[in-house]
Amino acid sequence: MSDRVPMTRAGYNKIKAELDELENEKMPEIAKRIAAARAEGDLSENAEYHGARESQGLLQAKINVLKEKLAKSVIMDNAKLPKDQVAFGCTIVVKDLAFGDTEEFTLVGAGEEDYDTGRINIASPLAQGFVGKKVGDKVEVAVPAGTNKFEILEIKFEDE
């Protein structure tokens with residue numbers, strides 16, 4: 001997988017807003033908790049202090065992950081993508097060849113995925129199995145439980 005993280009402008013803005021909240025609201029709250037716990041004296045047996053420090057470490061790790069995503073982000077321009085094959089931002093209707101039911105997936109960028117509503121990350125193995133395929137193509141996607149087989153029935157883009 002490449003170092004680029006494809007995303008839409010909306011996905012970028014969502015991650016940026018979350019990062020701003022963590023850095024400017026949550027981190028100062030934790031710093032206040034640490035200062036209050038430190039004022040209580042002996043730190044070796046101060047559970048509040050140790051809990052706040054652990055929270056600070058976890059929050060900083062999340063901040064670092066979000067900063068890395070933003071640094072590697074590439075805002076995708078759907079106007080330049082082919083409309084006759086599966087690509088970033090499209091919605092596909094597929095038939096599960098094992099069960100016969102149809103499913104709909106929208107290929108989105110980091111921060112926009114919602115697997116319950118069919119919005120899957122373009123970098124996921126499932127999405128990568130569809131990229132570049134056309135209507136009528138049969139696709140086999142390796143998953144931990146084996147191999148899923150699909151037929152692409154429809155490709156649509158939001159601007160259509």
# chains A, B, ... in the order shown; residues from 1 in each chain; ligands from 1
$ residues_around --residues "region 54-68 of chain A" --least-positions-apart "4" --cutoff "10 Å" --atoms "only C-alpha atoms" --output "JSON, numbers by chain"
{"A": [5, 15, 16, 18, 19, 20, 21, 22, 23, 26, 27, 28, 29, 30, 31, 33, 34, 48, 49, 50, 72, 73, 111]}
$ select_by_dssp --residues "chain A" --states "strand (DSSP E)" --output "JSON, numbers by chain"
{"A": [5, 6, 7, 73, 74, 75, 91, 92, 93, 94, 95, 96, 102, 103, 104, 105, 106, 107, 108, 119, 120, 121, 138, 139, 140, 141, 142, 143, 146, 147, 148, 149, 150, 151, 152, 153, 154, 155, 156]}
$ write_last_selection --atoms "N, CA and C atoms" --output "mmCIF file, in the first residue's frame"
data_model
loop_
_atom_site.group_PDB
_atom_site.id
_atom_site.type_symbol
_atom_site.label_atom_id
_atom_site.label_comp_id
_atom_site.auth_asym_id
_atom_site.auth_seq_id
_atom_site.Cartn_x
_atom_site.Cartn_y
_atom_site.Cartn_z
ATOM 1 N N VAL A 5 -2.906 8.786 1.418
ATOM 2 C CA VAL A 5 -4.211 8.465 2.002
ATOM 3 C C VAL A 5 -5.250 9.267 1.228
ATOM 4 N N PRO A 6 -5.951 8.637 0.275
ATOM 5 C CA PRO A 6 -6.936 9.377 -0.507
ATOM 6 C C PRO A 6 -8.148 9.740 0.344
ATOM 7 N N MET A 7 -8.662 10.941 0.133
ATOM 8 C CA MET A 7 -9.870 11.362 0.851
ATOM 9 C C MET A 7 -10.522 12.525 0.126
ATOM 10 N N SER A 73 -2.448 12.827 3.335
ATOM 11 C CA SER A 73 -3.703 12.905 2.592
ATOM 12 C C SER A 73 -3.513 13.475 1.200
ATOM 13 N N VAL A 74 -4.347 12.979 0.318
ATOM 14 C CA VAL A 74 -4.418 13.489 -1.044
ATOM 15 C C VAL A 74 -5.903 13.708 -1.332
ATOM 16 N N ILE A 75 -6.275 14.955 -1.562
ATOM 17 C CA ILE A 75 -7.668 15.267 -1.862
ATOM 18 C C ILE A 75 -7.938 14.814 -3.301
ATOM 19 N N THR A 91 -20.182 4.661 -6.193
ATOM 20 C CA THR A 91 -21.032 3.709 -5.484
ATOM 21 C C THR A 91 -21.239 2.545 -6.439
ATOM 22 N N ILE A 92 -21.038 1.338 -5.930
ATOM 23 C CA ILE A 92 -21.218 0.160 -6.779
ATOM 24 C C ILE A 92 -22.317 -0.723 -6.205
ATOM 25 N N VAL A 93 -23.057 -1.334 -7.105
ATOM 26 C CA VAL A 93 -24.045 -2.327 -6.717
ATOM 27 C C VAL A 93 -23.482 -3.660 -7.197
ATOM 28 N N VAL A 94 -23.335 -4.592 -6.261
ATOM 29 C CA VAL A 94 -22.752 -5.887 -6.597
ATOM 30 C C VAL A 94 -23.687 -7.008 -6.166
ATOM 31 N N LYS A 95 -23.543 -8.120 -6.848
ATOM 32 C CA LYS A 95 -24.307 -9.319 -6.484
ATOM 33 C C LYS A 95 -23.334 -10.291 -5.845
ATOM 34 N N ASP A 96 -23.664 -10.739 -4.644
ATOM 35 C CA ASP A 96 -22.864 -11.753 -3.957
ATOM 36 C C ASP A 96 -23.190 -13.082 -4.627
ATOM 37 N N THR A 102 -27.935 -8.710 -3.341
ATOM 38 C CA THR A 102 -27.179 -7.566 -3.840
ATOM 39 C C THR A 102 -26.773 -6.673 -2.676
ATOM 40 N N GLU A 103 -25.629 -6.042 -2.842
ATOM 41 C CA GLU A 103 -25.113 -5.127 -1.836
ATOM 42 C C GLU A 103 -24.656 -3.862 -2.541
ATOM 43 N N GLU A 104 -24.635 -2.768 -1.801
ATOM 44 C CA GLU A 104 -24.190 -1.497 -2.343
ATOM 45 C C GLU A 104 -23.050 -0.969 -1.484
ATOM 46 N N PHE A 105 -21.965 -0.567 -2.139
ATOM 47 C CA PHE A 105 -20.795 -0.027 -1.445
ATOM 48 C C PHE A 105 -20.421 1.312 -2.066
ATOM 49 N N THR A 106 -20.021 2.247 -1.216
ATOM 50 C CA THR A 106 -19.461 3.508 -1.682
ATOM 51 C C THR A 106 -18.005 3.537 -1.237
ATOM 52 N N LEU A 107 -17.100 3.772 -2.184
ATOM 53 C CA LEU A 107 -15.670 3.776 -1.886
ATOM 54 C C LEU A 107 -15.256 5.179 -1.455
ATOM 55 N N VAL A 108 -14.870 5.313 -0.195
ATOM 56 C CA VAL A 108 -14.560 6.620 0.387
ATOM 57 C C VAL A 108 -13.142 6.628 0.949
ATOM 58 N N ARG A 119 -20.298 2.361 3.408
ATOM 59 C CA ARG A 119 -19.208 3.269 3.021
ATOM 60 C C ARG A 119 -17.894 2.618 3.446
ATOM 61 N N ILE A 120 -17.131 2.107 2.459
ATOM 62 C CA ILE A 120 -15.907 1.376 2.780
ATOM 63 C C ILE A 120 -14.682 2.170 2.342
ATOM 64 N N ASN A 121 -13.625 2.026 3.113
ATOM 65 C CA ASN A 121 -12.378 2.737 2.848
ATOM 66 C C ASN A 121 -11.764 2.202 1.560
ATOM 67 N N LYS A 138 -16.648 -10.141 -12.889
ATOM 68 C CA LYS A 138 -16.761 -10.963 -11.686
ATOM 69 C C LYS A 138 -15.472 -10.772 -10.891
ATOM 70 N N VAL A 139 -15.636 -10.573 -9.584
ATOM 71 C CA VAL A 139 -14.510 -10.221 -8.727
ATOM 72 C C VAL A 139 -14.406 -11.222 -7.586
ATOM 73 N N GLU A 140 -13.195 -11.671 -7.304
ATOM 74 C CA GLU A 140 -12.943 -12.520 -6.145
ATOM 75 C C GLU A 140 -12.093 -11.727 -5.166
ATOM 76 N N VAL A 141 -12.579 -11.638 -3.926
ATOM 77 C CA VAL A 141 -11.876 -10.868 -2.906
ATOM 78 C C VAL A 141 -11.527 -11.801 -1.752
ATOM 79 N N ALA A 142 -10.232 -11.886 -1.435
ATOM 80 C CA ALA A 142 -9.785 -12.725 -0.320
ATOM 81 C C ALA A 142 -10.107 -12.030 0.993
ATOM 82 N N VAL A 143 -10.789 -12.744 1.869
ATOM 83 C CA VAL A 143 -11.115 -12.254 3.208
ATOM 84 C C VAL A 143 -10.663 -13.319 4.206
ATOM 85 N N GLY A 146 -12.144 -16.735 3.874
ATOM 86 C CA GLY A 146 -12.047 -17.413 2.585
ATOM 87 C C GLY A 146 -12.027 -16.417 1.450
ATOM 88 N N THR A 147 -12.846 -16.699 0.414
ATOM 89 C CA THR A 147 -12.909 -15.815 -0.741
ATOM 90 C C THR A 147 -14.360 -15.468 -1.029
ATOM 91 N N ASN A 148 -14.643 -14.177 -1.147
ATOM 92 C CA ASN A 148 -15.986 -13.727 -1.529
ATOM 93 C C ASN A 148 -15.993 -13.469 -3.026
ATOM 94 N N LYS A 149 -17.072 -13.883 -3.687
ATOM 95 C CA LYS A 149 -17.194 -13.683 -5.127
ATOM 96 C C LYS A 149 -18.380 -12.773 -5.410
ATOM 97 N N PHE A 150 -18.125 -11.751 -6.235
ATOM 98 C CA PHE A 150 -19.144 -10.759 -6.564
ATOM 99 C C PHE A 150 -19.196 -10.551 -8.069
ATOM 100 N N GLU A 151 -20.341 -10.056 -8.524
ATOM 101 C CA GLU A 151 -20.466 -9.567 -9.889
ATOM 102 C C GLU A 151 -20.881 -8.110 -9.789
ATOM 103 N N ILE A 152 -20.213 -7.247 -10.538
ATOM 104 C CA ILE A 152 -20.527 -5.821 -10.502
ATOM 105 C C ILE A 152 -21.720 -5.567 -11.419
ATOM 106 N N LEU A 153 -22.808 -5.065 -10.842
ATOM 107 C CA LEU A 153 -24.044 -4.799 -11.587
ATOM 108 C C LEU A 153 -24.164 -3.360 -12.045
ATOM 109 N N GLU A 154 -23.629 -2.430 -11.238
ATOM 110 C CA GLU A 154 -23.813 -1.012 -11.543
ATOM 111 C C GLU A 154 -22.704 -0.194 -10.908
ATOM 112 N N ILE A 155 -22.278 0.849 -11.603
ATOM 113 C CA ILE A 155 -21.299 1.811 -11.076
ATOM 114 C C ILE A 155 -21.914 3.193 -11.241
ATOM 115 N N LYS A 156 -21.991 3.942 -10.159
ATOM 116 C CA LYS A 156 -22.552 5.297 -10.260
ATOM 117 C C LYS A 156 -21.711 6.265 -9.436
#
$ select_by_dssp --residues "region 10-144 of chain A" --states "helix (DSSP H, G or I)" --output "MDAnalysis selection string"
chainID A and resid 10:38 47:72 78:80 115:117 125:130
$ atom_distance --atom1 "CA of Leu70 (chain A)" --atom2 "CA of Asp84 (chain A)"
29.6 Å
